[in-house]
file data-v8.txt (compact mmCIF, N, CA and C atoms)
# COMPACT_ATOMS: atom_id res chain seq x y z
N MET A 3 -15.70 -20.40 30.55
CA MET A 3 -14.40 -20.68 30.03
C MET A 3 -13.60 -19.38 30.04
N THR A 4 -12.45 -19.45 30.63
CA THR A 4 -11.59 -18.26 30.68
C THR A 4 -10.73 -18.21 29.43
N ARG A 5 -10.04 -17.13 29.30
CA ARG A 5 -9.20 -16.93 28.11
C ARG A 5 -8.10 -17.99 28.04
N HIS A 6 -7.59 -18.41 29.18
CA HIS A 6 -6.50 -19.39 29.18
C HIS A 6 -6.99 -20.80 28.89
N ASP A 7 -8.30 -21.04 28.99
CA ASP A 7 -8.85 -22.36 28.72
C ASP A 7 -9.28 -22.54 27.27
N ALA A 8 -9.10 -21.52 26.45
CA ALA A 8 -9.53 -21.59 25.05
C ALA A 8 -8.74 -22.65 24.31
N PRO A 9 -9.38 -23.33 23.36
CA PRO A 9 -8.67 -24.37 22.60
C PRO A 9 -7.51 -23.79 21.79
N ARG A 10 -6.49 -24.62 21.58
CA ARG A 10 -5.32 -24.18 20.85
C ARG A 10 -5.62 -23.93 19.38
N THR A 11 -6.62 -24.63 18.84
CA THR A 11 -6.95 -24.42 17.44
C THR A 11 -7.47 -23.01 17.20
N GLU A 12 -8.15 -22.44 18.18
CA GLU A 12 -8.62 -21.07 18.05
C GLU A 12 -7.43 -20.11 17.96
N HIS A 13 -6.41 -20.37 18.75
CA HIS A 13 -5.22 -19.52 18.70
C HIS A 13 -4.52 -19.64 17.34
N ARG A 14 -4.49 -20.85 16.78
CA ARG A 14 -3.86 -21.04 15.47
C ARG A 14 -4.63 -20.33 14.38
N ALA A 15 -5.95 -20.41 14.44
CA ALA A 15 -6.76 -19.74 13.43
C ALA A 15 -6.58 -18.23 13.51
N LEU A 16 -6.54 -17.70 14.71
CA LEU A 16 -6.32 -16.27 14.86
C LEU A 16 -4.93 -15.86 14.42
N ALA A 17 -3.95 -16.72 14.67
CA ALA A 17 -2.58 -16.42 14.24
C ALA A 17 -2.51 -16.36 12.71
N ILE A 18 -3.20 -17.28 12.05
CA ILE A 18 -3.24 -17.26 10.58
C ILE A 18 -3.95 -16.01 10.10
N TRP A 19 -5.08 -15.69 10.72
CA TRP A 19 -5.87 -14.52 10.34
C TRP A 19 -5.08 -13.23 10.48
N ARG A 20 -4.23 -13.18 11.52
CA ARG A 20 -3.51 -11.94 11.81
C ARG A 20 -2.12 -11.85 11.18
N ALA A 21 -1.46 -12.98 10.94
CA ALA A 21 -0.04 -12.87 10.59
C ALA A 21 0.44 -13.76 9.45
N LYS A 22 -0.41 -14.45 8.76
CA LYS A 22 0.04 -15.37 7.70
C LYS A 22 -0.58 -14.99 6.35
N PRO A 23 -0.04 -13.99 5.67
CA PRO A 23 -0.65 -13.57 4.41
C PRO A 23 -0.62 -14.63 3.31
N ALA A 24 0.39 -15.49 3.31
CA ALA A 24 0.46 -16.52 2.27
C ALA A 24 -0.69 -17.51 2.42
N ILE A 25 -1.01 -17.89 3.63
CA ILE A 25 -2.12 -18.82 3.85
C ILE A 25 -3.45 -18.14 3.53
N VAL A 26 -3.59 -16.88 3.89
CA VAL A 26 -4.82 -16.14 3.60
C VAL A 26 -5.04 -16.06 2.09
N LEU A 27 -3.99 -15.76 1.33
CA LEU A 27 -4.13 -15.70 -0.13
C LEU A 27 -4.38 -17.08 -0.73
N GLY A 28 -3.78 -18.11 -0.15
CA GLY A 28 -4.05 -19.48 -0.60
C GLY A 28 -5.50 -19.86 -0.38
N LEU A 29 -6.05 -19.50 0.76
CA LEU A 29 -7.47 -19.76 1.03
C LEU A 29 -8.35 -18.97 0.06
N TYR A 30 -7.94 -17.76 -0.27
CA TYR A 30 -8.69 -16.96 -1.24
C TYR A 30 -8.75 -17.68 -2.59
N VAL A 31 -7.62 -18.23 -3.03
CA VAL A 31 -7.59 -18.95 -4.31
C VAL A 31 -8.45 -20.21 -4.23
N LEU A 32 -8.42 -20.92 -3.10
CA LEU A 32 -9.27 -22.10 -2.94
C LEU A 32 -10.75 -21.74 -3.01
N LEU A 33 -11.12 -20.61 -2.39
CA LEU A 33 -12.51 -20.16 -2.50
C LEU A 33 -12.84 -19.75 -3.94
N LEU A 34 -11.86 -19.22 -4.64
CA LEU A 34 -12.06 -18.90 -6.05
C LEU A 34 -12.35 -20.16 -6.85
N LEU A 35 -11.61 -21.24 -6.58
CA LEU A 35 -11.86 -22.52 -7.23
C LEU A 35 -13.25 -23.05 -6.89
N ALA A 36 -13.62 -22.96 -5.62
CA ALA A 36 -14.93 -23.45 -5.18
C ALA A 36 -16.05 -22.64 -5.83
N GLY A 37 -15.86 -21.35 -5.94
CA GLY A 37 -16.89 -20.52 -6.55
C GLY A 37 -17.05 -20.79 -8.04
N ALA A 38 -15.97 -21.09 -8.71
CA ALA A 38 -16.04 -21.35 -10.14
C ALA A 38 -16.67 -22.71 -10.42
N SER A 39 -16.45 -23.67 -9.53
CA SER A 39 -17.00 -25.01 -9.76
C SER A 39 -18.46 -25.11 -9.37
N SER A 40 -18.97 -24.16 -8.60
CA SER A 40 -20.36 -24.25 -8.16
C SER A 40 -21.24 -23.20 -8.81
N GLY A 41 -20.82 -22.66 -9.93
CA GLY A 41 -21.53 -21.52 -10.48
C GLY A 41 -22.39 -21.76 -11.69
N PRO A 42 -23.61 -22.26 -11.52
CA PRO A 42 -24.52 -22.31 -12.66
C PRO A 42 -25.17 -20.95 -12.93
N LEU A 43 -24.64 -19.91 -12.29
CA LEU A 43 -25.26 -18.60 -12.42
C LEU A 43 -24.89 -17.90 -13.71
N GLY A 44 -23.95 -18.43 -14.47
CA GLY A 44 -23.63 -17.82 -15.75
C GLY A 44 -24.85 -17.81 -16.66
N HIS A 45 -25.59 -18.91 -16.64
CA HIS A 45 -26.82 -18.97 -17.44
C HIS A 45 -27.88 -18.05 -16.86
N ALA A 46 -27.95 -17.97 -15.54
CA ALA A 46 -28.96 -17.14 -14.89
C ALA A 46 -28.70 -15.66 -15.12
N ALA A 47 -27.42 -15.30 -15.23
CA ALA A 47 -27.07 -13.89 -15.40
C ALA A 47 -27.17 -13.45 -16.86
N GLY A 48 -27.55 -14.38 -17.75
CA GLY A 48 -27.74 -14.01 -19.14
C GLY A 48 -26.51 -14.17 -20.01
N THR A 49 -25.50 -14.88 -19.54
CA THR A 49 -24.31 -15.11 -20.33
C THR A 49 -24.59 -16.20 -21.35
N ALA A 50 -24.20 -15.99 -22.57
CA ALA A 50 -24.41 -16.99 -23.60
C ALA A 50 -23.56 -18.21 -23.30
N PRO A 51 -24.11 -19.43 -23.47
CA PRO A 51 -23.37 -20.65 -23.11
C PRO A 51 -22.04 -20.79 -23.83
N GLY A 52 -21.89 -20.33 -25.06
CA GLY A 52 -20.64 -20.47 -25.79
C GLY A 52 -19.52 -19.59 -25.26
N HIS A 53 -19.87 -18.51 -24.59
CA HIS A 53 -18.87 -17.56 -24.12
C HIS A 53 -18.50 -17.76 -22.66
N ILE A 54 -19.10 -18.72 -21.99
CA ILE A 54 -18.82 -18.92 -20.57
C ILE A 54 -17.36 -19.34 -20.36
N GLY A 55 -16.85 -20.25 -21.18
CA GLY A 55 -15.48 -20.72 -21.03
C GLY A 55 -14.45 -19.61 -21.22
N ASP A 56 -14.65 -18.81 -22.26
CA ASP A 56 -13.72 -17.70 -22.52
C ASP A 56 -13.76 -16.67 -21.40
N THR A 57 -14.96 -16.33 -20.97
CA THR A 57 -15.12 -15.35 -19.90
C THR A 57 -14.52 -15.86 -18.60
N LEU A 58 -14.75 -17.13 -18.31
CA LEU A 58 -14.22 -17.72 -17.08
C LEU A 58 -12.69 -17.74 -17.10
N LEU A 59 -12.11 -18.12 -18.23
CA LEU A 59 -10.65 -18.15 -18.34
C LEU A 59 -10.06 -16.76 -18.16
N LEU A 60 -10.64 -15.77 -18.82
CA LEU A 60 -10.15 -14.40 -18.69
C LEU A 60 -10.29 -13.90 -17.25
N SER A 61 -11.41 -14.20 -16.63
CA SER A 61 -11.61 -13.77 -15.25
C SER A 61 -10.61 -14.44 -14.31
N TRP A 62 -10.30 -15.71 -14.55
CA TRP A 62 -9.32 -16.41 -13.73
C TRP A 62 -7.93 -15.80 -13.88
N VAL A 63 -7.55 -15.52 -15.12
CA VAL A 63 -6.22 -14.96 -15.35
C VAL A 63 -6.09 -13.60 -14.67
N VAL A 64 -7.09 -12.76 -14.82
CA VAL A 64 -7.05 -11.44 -14.20
C VAL A 64 -7.04 -11.55 -12.69
N THR A 65 -7.89 -12.41 -12.13
CA THR A 65 -7.97 -12.55 -10.67
C THR A 65 -6.67 -13.11 -10.10
N LEU A 66 -6.10 -14.11 -10.74
CA LEU A 66 -4.84 -14.67 -10.24
C LEU A 66 -3.71 -13.64 -10.36
N TRP A 67 -3.72 -12.83 -11.40
CA TRP A 67 -2.73 -11.78 -11.51
C TRP A 67 -2.91 -10.76 -10.38
N LEU A 68 -4.15 -10.41 -10.06
CA LEU A 68 -4.40 -9.48 -8.95
C LEU A 68 -3.97 -10.08 -7.61
N VAL A 69 -4.21 -11.38 -7.41
CA VAL A 69 -3.76 -12.03 -6.18
C VAL A 69 -2.24 -11.99 -6.09
N TRP A 70 -1.56 -12.23 -7.20
CA TRP A 70 -0.10 -12.14 -7.21
C TRP A 70 0.35 -10.71 -6.87
N ARG A 71 -0.36 -9.71 -7.39
CA ARG A 71 -0.02 -8.32 -7.08
C ARG A 71 -0.27 -8.00 -5.61
N VAL A 72 -1.30 -8.60 -5.01
CA VAL A 72 -1.54 -8.40 -3.58
C VAL A 72 -0.38 -9.00 -2.80
N TRP A 73 0.11 -10.16 -3.23
CA TRP A 73 1.26 -10.78 -2.56
C TRP A 73 2.49 -9.87 -2.68
N ARG A 74 2.61 -9.16 -3.79
CA ARG A 74 3.72 -8.23 -3.99
C ARG A 74 3.42 -6.86 -3.39
N ARG A 75 2.41 -6.80 -2.53
CA ARG A 75 2.00 -5.62 -1.76
C ARG A 75 1.34 -4.55 -2.63
N GLY A 76 0.50 -4.99 -3.54
CA GLY A 76 -0.23 -4.06 -4.40
C GLY A 76 -1.53 -3.61 -3.77
N GLN A 77 -1.56 -2.39 -3.31
CA GLN A 77 -2.73 -1.86 -2.63
C GLN A 77 -3.93 -1.72 -3.57
N ILE A 78 -3.72 -1.27 -4.77
CA ILE A 78 -4.82 -1.11 -5.72
C ILE A 78 -5.41 -2.47 -6.09
N SER A 79 -4.56 -3.47 -6.27
CA SER A 79 -5.05 -4.81 -6.58
C SER A 79 -5.91 -5.36 -5.45
N ARG A 80 -5.50 -5.10 -4.23
CA ARG A 80 -6.29 -5.56 -3.08
C ARG A 80 -7.65 -4.87 -3.07
N PHE A 81 -7.68 -3.57 -3.33
CA PHE A 81 -8.95 -2.85 -3.37
C PHE A 81 -9.85 -3.37 -4.50
N LEU A 82 -9.26 -3.72 -5.64
CA LEU A 82 -10.05 -4.27 -6.74
C LEU A 82 -10.65 -5.62 -6.36
N LEU A 83 -9.88 -6.46 -5.66
CA LEU A 83 -10.41 -7.75 -5.22
C LEU A 83 -11.49 -7.58 -4.16
N ILE A 84 -11.31 -6.59 -3.28
CA ILE A 84 -12.35 -6.30 -2.27
C ILE A 84 -13.63 -5.86 -2.98
N PHE A 85 -13.50 -4.96 -3.94
CA PHE A 85 -14.66 -4.49 -4.70
C PHE A 85 -15.32 -5.64 -5.45
N GLY A 86 -14.51 -6.49 -6.07
CA GLY A 86 -15.05 -7.63 -6.82
C GLY A 86 -15.79 -8.61 -5.93
N SER A 87 -15.24 -8.88 -4.76
CA SER A 87 -15.92 -9.79 -3.82
C SER A 87 -17.21 -9.17 -3.31
N GLY A 88 -17.18 -7.89 -3.04
CA GLY A 88 -18.39 -7.21 -2.59
C GLY A 88 -19.47 -7.20 -3.67
N PHE A 89 -19.05 -6.95 -4.92
CA PHE A 89 -19.99 -7.00 -6.03
C PHE A 89 -20.53 -8.42 -6.21
N GLY A 90 -19.68 -9.42 -6.02
CA GLY A 90 -20.12 -10.81 -6.12
C GLY A 90 -21.15 -11.14 -5.06
N CYS A 91 -20.97 -10.60 -3.85
CA CYS A 91 -21.96 -10.80 -2.78
C CYS A 91 -23.31 -10.22 -3.17
N VAL A 92 -23.29 -9.01 -3.69
CA VAL A 92 -24.54 -8.35 -4.09
C VAL A 92 -25.19 -9.11 -5.24
N ASP A 93 -24.41 -9.52 -6.23
CA ASP A 93 -24.95 -10.26 -7.37
C ASP A 93 -25.54 -11.59 -6.93
N ALA A 94 -24.83 -12.33 -6.08
CA ALA A 94 -25.35 -13.62 -5.61
C ALA A 94 -26.61 -13.43 -4.78
N ALA A 95 -26.64 -12.40 -3.93
CA ALA A 95 -27.83 -12.15 -3.12
C ALA A 95 -29.02 -11.80 -4.01
N TRP A 96 -28.77 -11.13 -5.10
CA TRP A 96 -29.83 -10.76 -6.03
C TRP A 96 -30.44 -12.00 -6.69
N HIS A 97 -29.61 -13.04 -6.93
CA HIS A 97 -30.08 -14.24 -7.62
C HIS A 97 -30.57 -15.35 -6.68
N VAL A 98 -30.47 -15.17 -5.37
CA VAL A 98 -30.88 -16.22 -4.43
C VAL A 98 -32.34 -16.63 -4.60
N PRO A 99 -33.29 -15.71 -4.77
CA PRO A 99 -34.69 -16.17 -4.88
C PRO A 99 -34.93 -17.11 -6.06
N GLY A 100 -34.25 -16.93 -7.17
CA GLY A 100 -34.48 -17.77 -8.34
C GLY A 100 -33.60 -19.00 -8.41
N HIS A 101 -32.42 -18.94 -7.79
CA HIS A 101 -31.45 -20.04 -7.88
C HIS A 101 -30.85 -20.27 -6.51
N ARG A 102 -31.14 -21.40 -5.94
CA ARG A 102 -30.64 -21.70 -4.59
C ARG A 102 -29.13 -21.88 -4.56
N ALA A 103 -28.51 -22.20 -5.68
CA ALA A 103 -27.04 -22.33 -5.73
C ALA A 103 -26.37 -20.98 -5.47
N ALA A 104 -27.10 -19.91 -5.67
CA ALA A 104 -26.54 -18.58 -5.43
C ALA A 104 -26.24 -18.36 -3.96
N LEU A 105 -26.93 -19.08 -3.09
CA LEU A 105 -26.65 -18.96 -1.66
C LEU A 105 -25.23 -19.44 -1.36
N LEU A 106 -24.80 -20.51 -2.00
CA LEU A 106 -23.43 -20.99 -1.84
C LEU A 106 -22.43 -19.95 -2.36
N LEU A 107 -22.73 -19.35 -3.50
CA LEU A 107 -21.85 -18.31 -4.03
C LEU A 107 -21.81 -17.09 -3.12
N LEU A 108 -22.92 -16.79 -2.47
CA LEU A 108 -22.95 -15.68 -1.52
C LEU A 108 -22.00 -15.95 -0.36
N VAL A 109 -22.01 -17.17 0.15
CA VAL A 109 -21.12 -17.54 1.26
C VAL A 109 -19.66 -17.50 0.81
N ILE A 110 -19.39 -18.00 -0.39
CA ILE A 110 -18.02 -18.01 -0.91
C ILE A 110 -17.51 -16.58 -1.11
N ASP A 111 -18.34 -15.72 -1.70
CA ASP A 111 -17.91 -14.33 -1.92
C ASP A 111 -17.73 -13.58 -0.61
N ALA A 112 -18.58 -13.87 0.38
CA ALA A 112 -18.41 -13.24 1.69
C ALA A 112 -17.11 -13.70 2.35
N GLY A 113 -16.77 -14.98 2.16
CA GLY A 113 -15.50 -15.49 2.69
C GLY A 113 -14.31 -14.83 2.01
N GLN A 114 -14.40 -14.64 0.70
CA GLN A 114 -13.32 -13.96 -0.02
C GLN A 114 -13.19 -12.51 0.44
N LEU A 115 -14.30 -11.86 0.67
CA LEU A 115 -14.27 -10.49 1.16
C LEU A 115 -13.61 -10.42 2.54
N ALA A 116 -13.97 -11.35 3.41
CA ALA A 116 -13.37 -11.37 4.75
C ALA A 116 -11.87 -11.63 4.67
N LEU A 117 -11.44 -12.52 3.78
CA LEU A 117 -10.01 -12.80 3.66
C LEU A 117 -9.25 -11.58 3.14
N MET A 118 -9.82 -10.85 2.19
CA MET A 118 -9.15 -9.65 1.68
C MET A 118 -9.07 -8.55 2.74
N LEU A 119 -9.98 -8.57 3.70
CA LEU A 119 -9.97 -7.55 4.75
C LEU A 119 -9.19 -8.00 5.99
N SER A 120 -8.50 -9.13 5.91
CA SER A 120 -7.80 -9.67 7.07
C SER A 120 -6.62 -8.79 7.48
N PRO A 121 -6.31 -8.77 8.78
CA PRO A 121 -5.17 -7.99 9.26
C PRO A 121 -3.84 -8.48 8.69
N ALA A 122 -3.74 -9.76 8.33
CA ALA A 122 -2.49 -10.27 7.77
C ALA A 122 -2.14 -9.56 6.46
N LEU A 123 -3.14 -9.34 5.62
CA LEU A 123 -2.87 -8.65 4.36
C LEU A 123 -2.63 -7.16 4.59
N SER A 124 -3.30 -6.58 5.57
CA SER A 124 -3.05 -5.17 5.88
C SER A 124 -1.63 -4.97 6.37
N ARG A 125 -1.17 -5.85 7.24
CA ARG A 125 0.21 -5.74 7.75
C ARG A 125 1.22 -6.06 6.67
N HIS A 126 0.89 -7.03 5.82
CA HIS A 126 1.80 -7.39 4.73
C HIS A 126 1.97 -6.21 3.78
N GLU A 127 0.88 -5.52 3.52
CA GLU A 127 0.92 -4.35 2.65
C GLU A 127 1.68 -3.20 3.31
N ALA A 128 1.52 -3.05 4.61
CA ALA A 128 2.18 -1.94 5.33
C ALA A 128 3.67 -2.19 5.53
N SER A 129 4.10 -3.45 5.37
CA SER A 129 5.51 -3.75 5.60
C SER A 129 6.38 -3.45 4.39
N LEU A 130 5.81 -2.78 3.43
CA LEU A 130 6.55 -2.41 2.24
C LEU A 130 7.71 -1.49 2.58
N THR A 131 8.87 -1.89 2.19
CA THR A 131 10.04 -1.03 2.43
C THR A 131 10.26 -0.18 1.20
N PRO A 132 10.60 1.06 1.38
CA PRO A 132 10.82 1.92 0.22
C PRO A 132 12.02 1.44 -0.59
N ARG A 133 11.84 1.41 -1.88
CA ARG A 133 12.93 0.97 -2.75
C ARG A 133 13.85 2.15 -3.02
N HIS A 134 15.10 1.85 -3.02
CA HIS A 134 16.09 2.90 -3.29
C HIS A 134 16.28 3.02 -4.79
N ARG A 135 16.14 4.18 -5.28
CA ARG A 135 16.30 4.43 -6.70
C ARG A 135 17.76 4.69 -7.02
N VAL A 136 18.20 4.09 -8.08
CA VAL A 136 19.55 4.31 -8.57
C VAL A 136 19.42 5.15 -9.83
N ASP A 137 19.89 6.36 -9.75
CA ASP A 137 19.79 7.26 -10.90
C ASP A 137 21.09 7.33 -11.67
call {"tool": "encode", "arguments": {"input": "data-v8.txt", "output": "structure tokens"}}
result
Amino acid sequence: MTRHDAPRTEHRALAIWRAKPAIVLGLYVLLLLAGASSGPLGHAAGTAPGHIGDTLLLSWVVTLWLVWRVWRRGQISRFLLIFGSGFGCVDAAWHVPGHRAALLLLVIDAGQLALMLSPALSRHEASLTPRHRVD
């Protein structure tokens, strides 16, 4: 198969990966939802059952705020989400032998990491125009 015979869906996926930061961030949030709904690892990680709801709510608020900051071209927020996804990958990989559901979380966290490292977000961040200060 030559380059010109490639399916059009492949071109669309690459176009999203390279140039559509809104879709990339939307997919990140969808993976965040999927990860939260499939996570029995709170009990495995030693979190007390009564505090899971509070911790989850706080984590969601902070993560969604960081995603909003990435949309507003926040470089530090993007690095924090990259670090968090990487830490989630390591944590899920650590729990895979005892809990098979951790394998799903490993895939979700790896997907989030890949989305945060996408060229669309790098270009979106680089397109920041300097703001003119009015003194």
call {"tool": "closest_residue", "arguments": {"input": "data-v8.txt", "among": "A:Arg75, A:His126, A:His101, A:Arg80", "to": "Tyr30 of chain A", "atoms": "only C-alpha atoms"}}
result
A:Arg80
call {"tool": "atom_distance", "arguments": {"input": "data-v8.txt", "atom1": "atom CA of Leu16 of chain A", "atom2": "atom CA of Gln114 of chain A"}}
result
16.6 Å
call {"tool": "closest_residue", "arguments": {"input": "data-v8.txt", "among": "A:Ala21, A:Leu66, A:Ile78, A:Leu27", "to": "Ala116 of chain A", "atoms": "only C-alpha atoms"}}
result
A:Leu27
call {"tool": "atom_distance", "arguments": {"input": "data-v8.txt", "atom1": "atom CA of Met118 of chain A", "atom2": "atom C of Ile84 of chain A"}}
result
7.5 Å
call {"tool": "closest_residue", "arguments": {"input": "data-v8.txt", "among": "A:Ile110, A:Lys22, A:Gly76, A:Leu58", "to": "Leu34 of chain A", "atoms": "all atoms listed in the file"}}
result
A:Ile110
call {"tool": "atom_distance", "arguments": {"input": "data-v8.txt", "atom1": "atom CA of His13 of chain A", "atom2": "atom N of Leu115 of chain A"}}
result
21.6 Å
call {"tool": "closest_residue", "arguments": {"input": "data-v8.txt", "among": "A:Leu123, A:Ser87, A:Ser129, A:Asp56", "to": "Val26 of chain A", "atoms": "only N, CA and C atoms"}}
result
A:Leu123
call {"tool": "decode", "arguments": {"input": "data-v8.txt", "residues": "segment 107-126 of chain A", "atoms": "N, CA and C atoms", "output": "PDB file, in the first residue's frame"}}
result
ATOM      1  N   LEU A 107      -6.668   0.576  33.917  1.00  0.00           N
ATOM      2  CA  LEU A 107      -6.202   1.896  34.336  1.00  0.00           C
ATOM      3  C   LEU A 107      -4.842   2.231  33.741  1.00  0.00           C
ATOM      4  N   LEU A 108      -4.009   1.218  33.567  1.00  0.00           N
ATOM      5  CA  LEU A 108      -2.712   1.432  32.930  1.00  0.00           C
ATOM      6  C   LEU A 108      -2.892   1.907  31.490  1.00  0.00           C
ATOM      7  N   VAL A 109      -3.814   1.290  30.772  1.00  0.00           N
ATOM      8  CA  VAL A 109      -4.087   1.684  29.381  1.00  0.00           C
ATOM      9  C   VAL A 109      -4.675   3.096  29.333  1.00  0.00           C
ATOM     10  N   ILE A 110      -5.587   3.395  30.249  1.00  0.00           N
ATOM     11  CA  ILE A 110      -6.208   4.729  30.281  1.00  0.00           C
ATOM     12  C   ILE A 110      -5.168   5.799  30.594  1.00  0.00           C
ATOM     13  N   ASP A 111      -4.319   5.547  31.583  1.00  0.00           N
ATOM     14  CA  ASP A 111      -3.292   6.535  31.935  1.00  0.00           C
ATOM     15  C   ASP A 111      -2.268   6.709  30.821  1.00  0.00           C
ATOM     16  N   ALA A 112      -1.937   5.627  30.129  1.00  0.00           N
ATOM     17  CA  ALA A 112      -1.012   5.741  28.995  1.00  0.00           C
ATOM     18  C   ALA A 112      -1.644   6.559  27.869  1.00  0.00           C
ATOM     19  N   GLY A 113      -2.954   6.379  27.663  1.00  0.00           N
ATOM     20  CA  GLY A 113      -3.655   7.189  26.662  1.00  0.00           C
ATOM     21  C   GLY A 113      -3.677   8.657  27.038  1.00  0.00           C
ATOM     22  N   GLN A 114      -3.892   8.944  28.313  1.00  0.00           N
ATOM     23  CA  GLN A 114      -3.865  10.336  28.768  1.00  0.00           C
ATOM     24  C   GLN A 114      -2.477  10.941  28.596  1.00  0.00           C
ATOM     25  N   LEU A 115      -1.461  10.168  28.883  1.00  0.00           N
ATOM     26  CA  LEU A 115      -0.091  10.644  28.707  1.00  0.00           C
ATOM     27  C   LEU A 115       0.187  10.953  27.239  1.00  0.00           C
ATOM     28  N   ALA A 116      -0.247  10.063  26.357  1.00  0.00           N
ATOM     29  CA  ALA A 116      -0.044  10.288  24.921  1.00  0.00           C
ATOM     30  C   ALA A 116      -0.789  11.534  24.455  1.00  0.00           C
ATOM     31  N   LEU A 117      -2.001  11.746  24.944  1.00  0.00           N
ATOM     32  CA  LEU A 117      -2.759  12.933  24.539  1.00  0.00           C
ATOM     33  C   LEU A 117      -2.088  14.219  25.018  1.00  0.00           C
ATOM     34  N   MET A 118      -1.555  14.213  26.232  1.00  0.00           N
ATOM     35  CA  MET A 118      -0.871  15.411  26.731  1.00  0.00           C
ATOM     36  C   MET A 118       0.419  15.691  25.964  1.00  0.00           C
ATOM     37  N   LEU A 119       1.006  14.668  25.369  1.00  0.00           N
ATOM     38  CA  LEU A 119       2.243  14.855  24.606  1.00  0.00           C
ATOM     39  C   LEU A 119       1.982  15.087  23.113  1.00  0.00           C
ATOM     40  N   SER A 120       0.720  15.260  22.735  1.00  0.00           N
ATOM     41  CA  SER A 120       0.378  15.408  21.320  1.00  0.00           C
ATOM     42  C   SER A 120       0.904  16.718  20.737  1.00  0.00           C
ATOM     43  N   PRO A 121       1.231  16.712  19.448  1.00  0.00           N
ATOM     44  CA  PRO A 121       1.694  17.938  18.788  1.00  0.00           C
ATOM     45  C   PRO A 121       0.646  19.046  18.786  1.00  0.00           C
ATOM     46  N   ALA A 122      -0.638  18.687  18.820  1.00  0.00           N
ATOM     47  CA  ALA A 122      -1.687  19.715  18.822  1.00  0.00           C
ATOM     48  C   ALA A 122      -1.573  20.603  20.062  1.00  0.00           C
ATOM     49  N   LEU A 123      -1.318  19.992  21.211  1.00  0.00           N
ATOM     50  CA  LEU A 123      -1.190  20.796  22.427  1.00  0.00           C
ATOM     51  C   LEU A 123       0.124  21.556  22.443  1.00  0.00           C
ATOM     52  N   SER A 124       1.171  20.976  21.879  1.00  0.00           N
ATOM     53  CA  SER A 124       2.447  21.704  21.807  1.00  0.00           C
ATOM     54  C   SER A 124       2.311  22.941  20.937  1.00  0.00           C
ATOM     55  N   ARG A 125       1.649  22.798  19.800  1.00  0.00           N
ATOM     56  CA  ARG A 125       1.453  23.947  18.904  1.00  0.00           C
ATOM     57  C   ARG A 125       0.498  24.961  19.505  1.00  0.00           C
ATOM     58  N   HIS A 126      -0.526  24.461  20.192  1.00  0.00           N
ATOM     59  CA  HIS A 126      -1.491  25.359  20.831  1.00  0.00           C
ATOM     60  C   HIS A 126      -0.792  26.203  21.893  1.00  0.00           C
TER      61      HIS A 126
END
